[in-house]
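These notes concern the structure reproduced below.
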Amino acid sequence: MLAFERRWLLRIFDAVYPRQTPGAPTSGAADVPLEGLITDLGSHAPFDFMLGLRAATWVVTLFGPLLVGRLRRFGSLPVSERGEVLEGLAHSRLYLLREIPMLLKMVASLGYVGMPDVQRELGLSVVDSQPPSWARGER
Amino acid sequence: MSGFVHGLSDVAGQAAVRDSADVVIIGSGAAGATAARVLTAAGLDVVVLEEGNPTPRDGFRQDAYSAFKGLWRDLGFTAARGRVLMPILQGRAVGGTTVINGAIMHRLPEKVHAAWEHDGAIDDLLSYAGLERTFDQLDRELSVGPAPDAVFGQNNALMHAGVTGIGAKGNRILRNVQDCEGSARCGQGCPNARKQSMHLTYIPQAVAAGARVYAACRVSKVETRGGKAVAVLGEFRDPTGSARGPSIRVEAKRAVLLAASAIQTPVLLQKSGVRGGLVGRRFQAHPGTSVMGVFEDEVNMFFGATQGYETTHFWDERMKFESVSVPAEIAATRLPGFGAPLQARLANVGHVAQWGVQVRAEAHGRVRPGLGGGSSVSYDLTPKDVARYRVGVRRLIEMMFAAGAKEVWPGVHGLPTTMTSPDQARALDALDDDPRRYHFIAAHLFGTAAMHRDPRAGVVRPDGRCHAVDGLYVIDSSLFPTNLGVNPQHTICAIAWKIAERIADGGTRGRERDAA
């Protein structure tokens, strides 16, 4: 995944799990070192999965805002509208478009909700108190 | 003499590994490990080759992603291709899928057995009475029983209320666990080493009796000579990275047993020259989908037996319903919405229950060798199958409300994201049977090297022997003529046990029958 694609993907993760949501964990995806997860996926995930993840990132970033009537790039939308873009895609009439935000949410969830600090904020019992290896900069 | 489990680090620096045994088994899951246990107990020399890494015996304490990376094939991202992309869940570790499954032990339904018998797929080796005795022994050795109250968990208890509430009958699931602590993390490998997976039971037993297990060992083909399987070829390769080790060749004096799953077994057959006919065809599964419900009181699906309650009340309609606890990371993926609404639902995840329906699908798919040495699976549900999901999801919604859910998230495209009344479930009746409305996961895979007396109707004989190659056996769920409608681990173990017993006997009875 190229550097700019990673930036795009991190913005999408931020839209999936924004920080400072009232009544929710104070942290958001932006507070978690998800770059490490992207790197780890690049090393271990099947080639076609990574291809799909990259394609999903491009579609959301470049074309997603059109769904909510905005002629802007995804990253320049306010955070609340970014969530609307993903929600709009998830309800698309086209199956492949519907799957895109689900794929992105799955990856974001594996990273963000896998962090022990987030699990503690959610009141869940933490199986491993150490952050995952990708969050510690290990492969 | 004690054997060993060797991984990549144990063979690093060697140019090549050479070994020989009476029986070489490919795969260390339910089928392979059971066969290793039976064969070594009978005094045979056994080598087991496993593509996944060695597994620790003191439990797995890690996040879901790390577990998927270490224990699941391709991180769980393998998918069958058809009108929908359907993830296929398979373990890849010493112990195979038993390391990451829900610990459910179900005996082969008598109606399925009768159909196999009627179709000429099986013979007296797999008589129901004989299988029953093996099931009993497996129950004893693998500590099969229902989850006790102390670790039953509210996700399971609510499903009991829901099933009863719609007038159906259900039961606590029989599970192969010992002193379960209710971590609800079966899918990531039990953190407390309570699930009696093969890496904790039959693999250590076989190793103690002399079996040699080569892990991180990817088999490339079975070598044949004069129409007989004589050896297995492969190489050591870290399944989670790029590190490679030496090649390996293991000579098989008596037999080679394929126990690599209904996807990898037919691919190995094809790579070994057993092509055409039904190899890789008739791929069947039990795809599943789930519904979530929100309750006033705390559910905490993260405590209790991962899958502790089921109903087979609708089995004749090809449906089985189960409670399904998943880790928070996966639950979050299934929660509706994005952004602030998703965060709000996540904050309330402790009040969410999840139950699923698996359908004994009529669809047949196909498995072929894929690019880069992998596999490719094509699979499409039939319209009748999809209609069953429509009915099944409706029943799940009704169960949720019957159990007291204040809202239900059906997760079906074309339905409201949130339902607040059971009457809303009627909306399902108006939906067409398009599989793309649902999110499926395919587990329980069957049929890609089916057994049958007639070589035109099967790939292997009723005792697992390949019709085309002597000394080559299929012992996993590839040889099942059909899917079961229940979780297959128990049946896989029992059939592998019976075949292994016959091999230990020298296979004389099978050969006598062929001669006759």
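Each chain in the structure tokens gets a letter, A, B and so on, in the order shown; residues start at 1 in every chain, and ligands are counted from 1 in the order they appear.
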Residue list for chain B near chain A as a VMD selection string, 6 Å, only C-alpha atoms: chain B and resid 61 to 63 65 329 333 338 to 340 343 to 344 347
All alpha helix (DSSP H) positions in region 202-356 of chain B, as a ChimeraX atom specification: /B:202-208,261-271,328-334,340-347
Write a file of the just-selected residues containing N, CA and C atoms, as a CSV table (one decimal), in the first residue's frame.
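Output below, filename out03.csv:
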chain,number,residue,atom,x,y,z
B,202,TYR,N,-5.4,-35.7,21.1
B,202,TYR,CA,-5.0,-36.8,20.3
B,202,TYR,C,-3.6,-36.6,19.7
B,203,ILE,N,-3.2,-35.3,19.4
B,203,ILE,CA,-1.8,-35.1,18.9
B,203,ILE,C,-0.8,-35.5,20.1
B,204,PRO,N,-0.9,-35.0,21.3
B,204,PRO,CA,0.0,-35.4,22.3
B,204,PRO,C,0.0,-36.9,22.6
B,205,GLN,N,-1.2,-37.5,22.5
B,205,GLN,CA,-1.3,-38.9,22.7
B,205,GLN,C,-0.5,-39.7,21.6
B,206,ALA,N,-0.7,-39.2,20.4
B,206,ALA,CA,0.0,-39.9,19.3
B,206,ALA,C,1.6,-39.6,19.4
B,207,VAL,N,1.9,-38.4,19.8
B,207,VAL,CA,3.4,-38.1,19.9
B,207,VAL,C,4.0,-39.0,21.1
B,208,ALA,N,3.2,-39.1,22.1
B,208,ALA,CA,3.7,-40.0,23.2
B,208,ALA,C,3.9,-41.4,22.8
B,261,SER,N,-8.7,-31.1,4.9
B,261,SER,CA,-10.0,-30.4,4.8
B,261,SER,C,-10.6,-30.5,3.4
B,262,ALA,N,-11.9,-30.2,3.3
B,262,ALA,CA,-12.6,-30.4,2.0
B,262,ALA,C,-12.2,-29.4,0.9
B,263,ILE,N,-11.3,-28.5,1.3
B,263,ILE,CA,-10.7,-27.6,0.3
B,263,ILE,C,-9.3,-28.0,-0.1
B,264,GLN,N,-8.5,-28.3,0.9
B,264,GLN,CA,-7.1,-28.6,0.5
B,264,GLN,C,-7.0,-30.1,0.1
B,265,THR,N,-7.8,-31.0,0.6
B,265,THR,CA,-7.6,-32.4,0.2
B,265,THR,C,-7.9,-32.6,-1.3
B,266,PRO,N,-9.0,-32.0,-1.9
B,266,PRO,CA,-9.1,-32.2,-3.4
B,266,PRO,C,-8.0,-31.5,-4.2
B,267,VAL,N,-7.5,-30.4,-3.7
B,267,VAL,CA,-6.4,-29.8,-4.4
B,267,VAL,C,-5.2,-30.6,-4.4
B,268,LEU,N,-4.9,-31.3,-3.3
B,268,LEU,CA,-3.7,-32.2,-3.2
B,268,LEU,C,-4.0,-33.4,-4.1
B,269,LEU,N,-5.2,-33.9,-4.1
B,269,LEU,CA,-5.5,-35.0,-5.0
B,269,LEU,C,-5.2,-34.6,-6.5
B,270,GLN,N,-5.6,-33.4,-6.9
B,270,GLN,CA,-5.4,-33.0,-8.2
B,270,GLN,C,-3.9,-32.8,-8.5
B,271,LYS,N,-3.2,-32.2,-7.6
B,271,LYS,CA,-1.8,-32.0,-7.8
B,271,LYS,C,-1.0,-33.3,-7.8
B,328,ALA,N,-15.2,-8.9,20.9
B,328,ALA,CA,-15.7,-7.5,20.7
B,328,ALA,C,-15.3,-7.0,19.4
B,329,GLU,N,-14.1,-7.3,18.9
B,329,GLU,CA,-13.7,-6.8,17.6
B,329,GLU,C,-14.7,-7.3,16.5
B,330,ILE,N,-15.1,-8.5,16.5
B,330,ILE,CA,-16.0,-9.0,15.5
B,330,ILE,C,-17.4,-8.5,15.7
B,331,ALA,N,-17.8,-8.5,17.0
B,331,ALA,CA,-19.2,-7.9,17.3
B,331,ALA,C,-19.3,-6.5,16.8
B,332,ALA,N,-18.2,-5.7,16.9
B,332,ALA,CA,-18.2,-4.3,16.5
B,332,ALA,C,-18.4,-4.3,14.9
B,333,THR,N,-17.8,-5.2,14.2
B,333,THR,CA,-18.0,-5.2,12.8
B,333,THR,C,-19.5,-5.4,12.4
B,334,ARG,N,-20.2,-6.2,13.2
B,334,ARG,CA,-21.6,-6.6,12.9
B,334,ARG,C,-22.6,-5.5,13.4
B,340,ALA,N,-20.4,8.3,14.8
B,340,ALA,CA,-21.0,8.4,16.2
B,340,ALA,C,-22.1,7.4,16.5
B,341,PRO,N,-23.0,7.1,15.6
B,341,PRO,CA,-24.0,6.0,15.9
B,341,PRO,C,-23.3,4.7,16.2
B,342,LEU,N,-22.3,4.4,15.5
B,342,LEU,CA,-21.6,3.1,15.7
B,342,LEU,C,-20.9,3.1,17.1
B,343,GLN,N,-20.2,4.3,17.4
B,343,GLN,CA,-19.5,4.4,18.7
B,343,GLN,C,-20.5,4.2,19.8
B,344,ALA,N,-21.7,4.8,19.7
B,344,ALA,CA,-22.7,4.7,20.7
B,344,ALA,C,-23.2,3.3,20.9
B,345,ARG,N,-23.4,2.6,19.8
B,345,ARG,CA,-23.8,1.1,19.9
B,345,ARG,C,-22.6,0.3,20.5
B,346,LEU,N,-21.4,0.7,20.1
B,346,LEU,CA,-20.3,-0.1,20.7
B,346,LEU,C,-20.2,0.1,22.2
B,347,ALA,N,-20.5,1.3,22.7
B,347,ALA,CA,-20.5,1.6,24.1
B,347,ALA,C,-21.5,0.7,24.8
Among the residues A:Gly42, A:Leu89, A:Gly137, A:Pro33, the one that comes closest to Leu67 (chain A) [using only C-alpha atoms]: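 The shortest atom-to-atom distance to Leu67 (chain A) comes from A:Leu89.
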Residue set, region 265-487 of chain B restricted to strand (DSSP E or B), as a count of residues only: 56
Option closest in space to Val118 (chain A), from A:Val68, A:Val59, A:Val32, A:Leu53 [counting only C-alpha atoms]: A:Val32
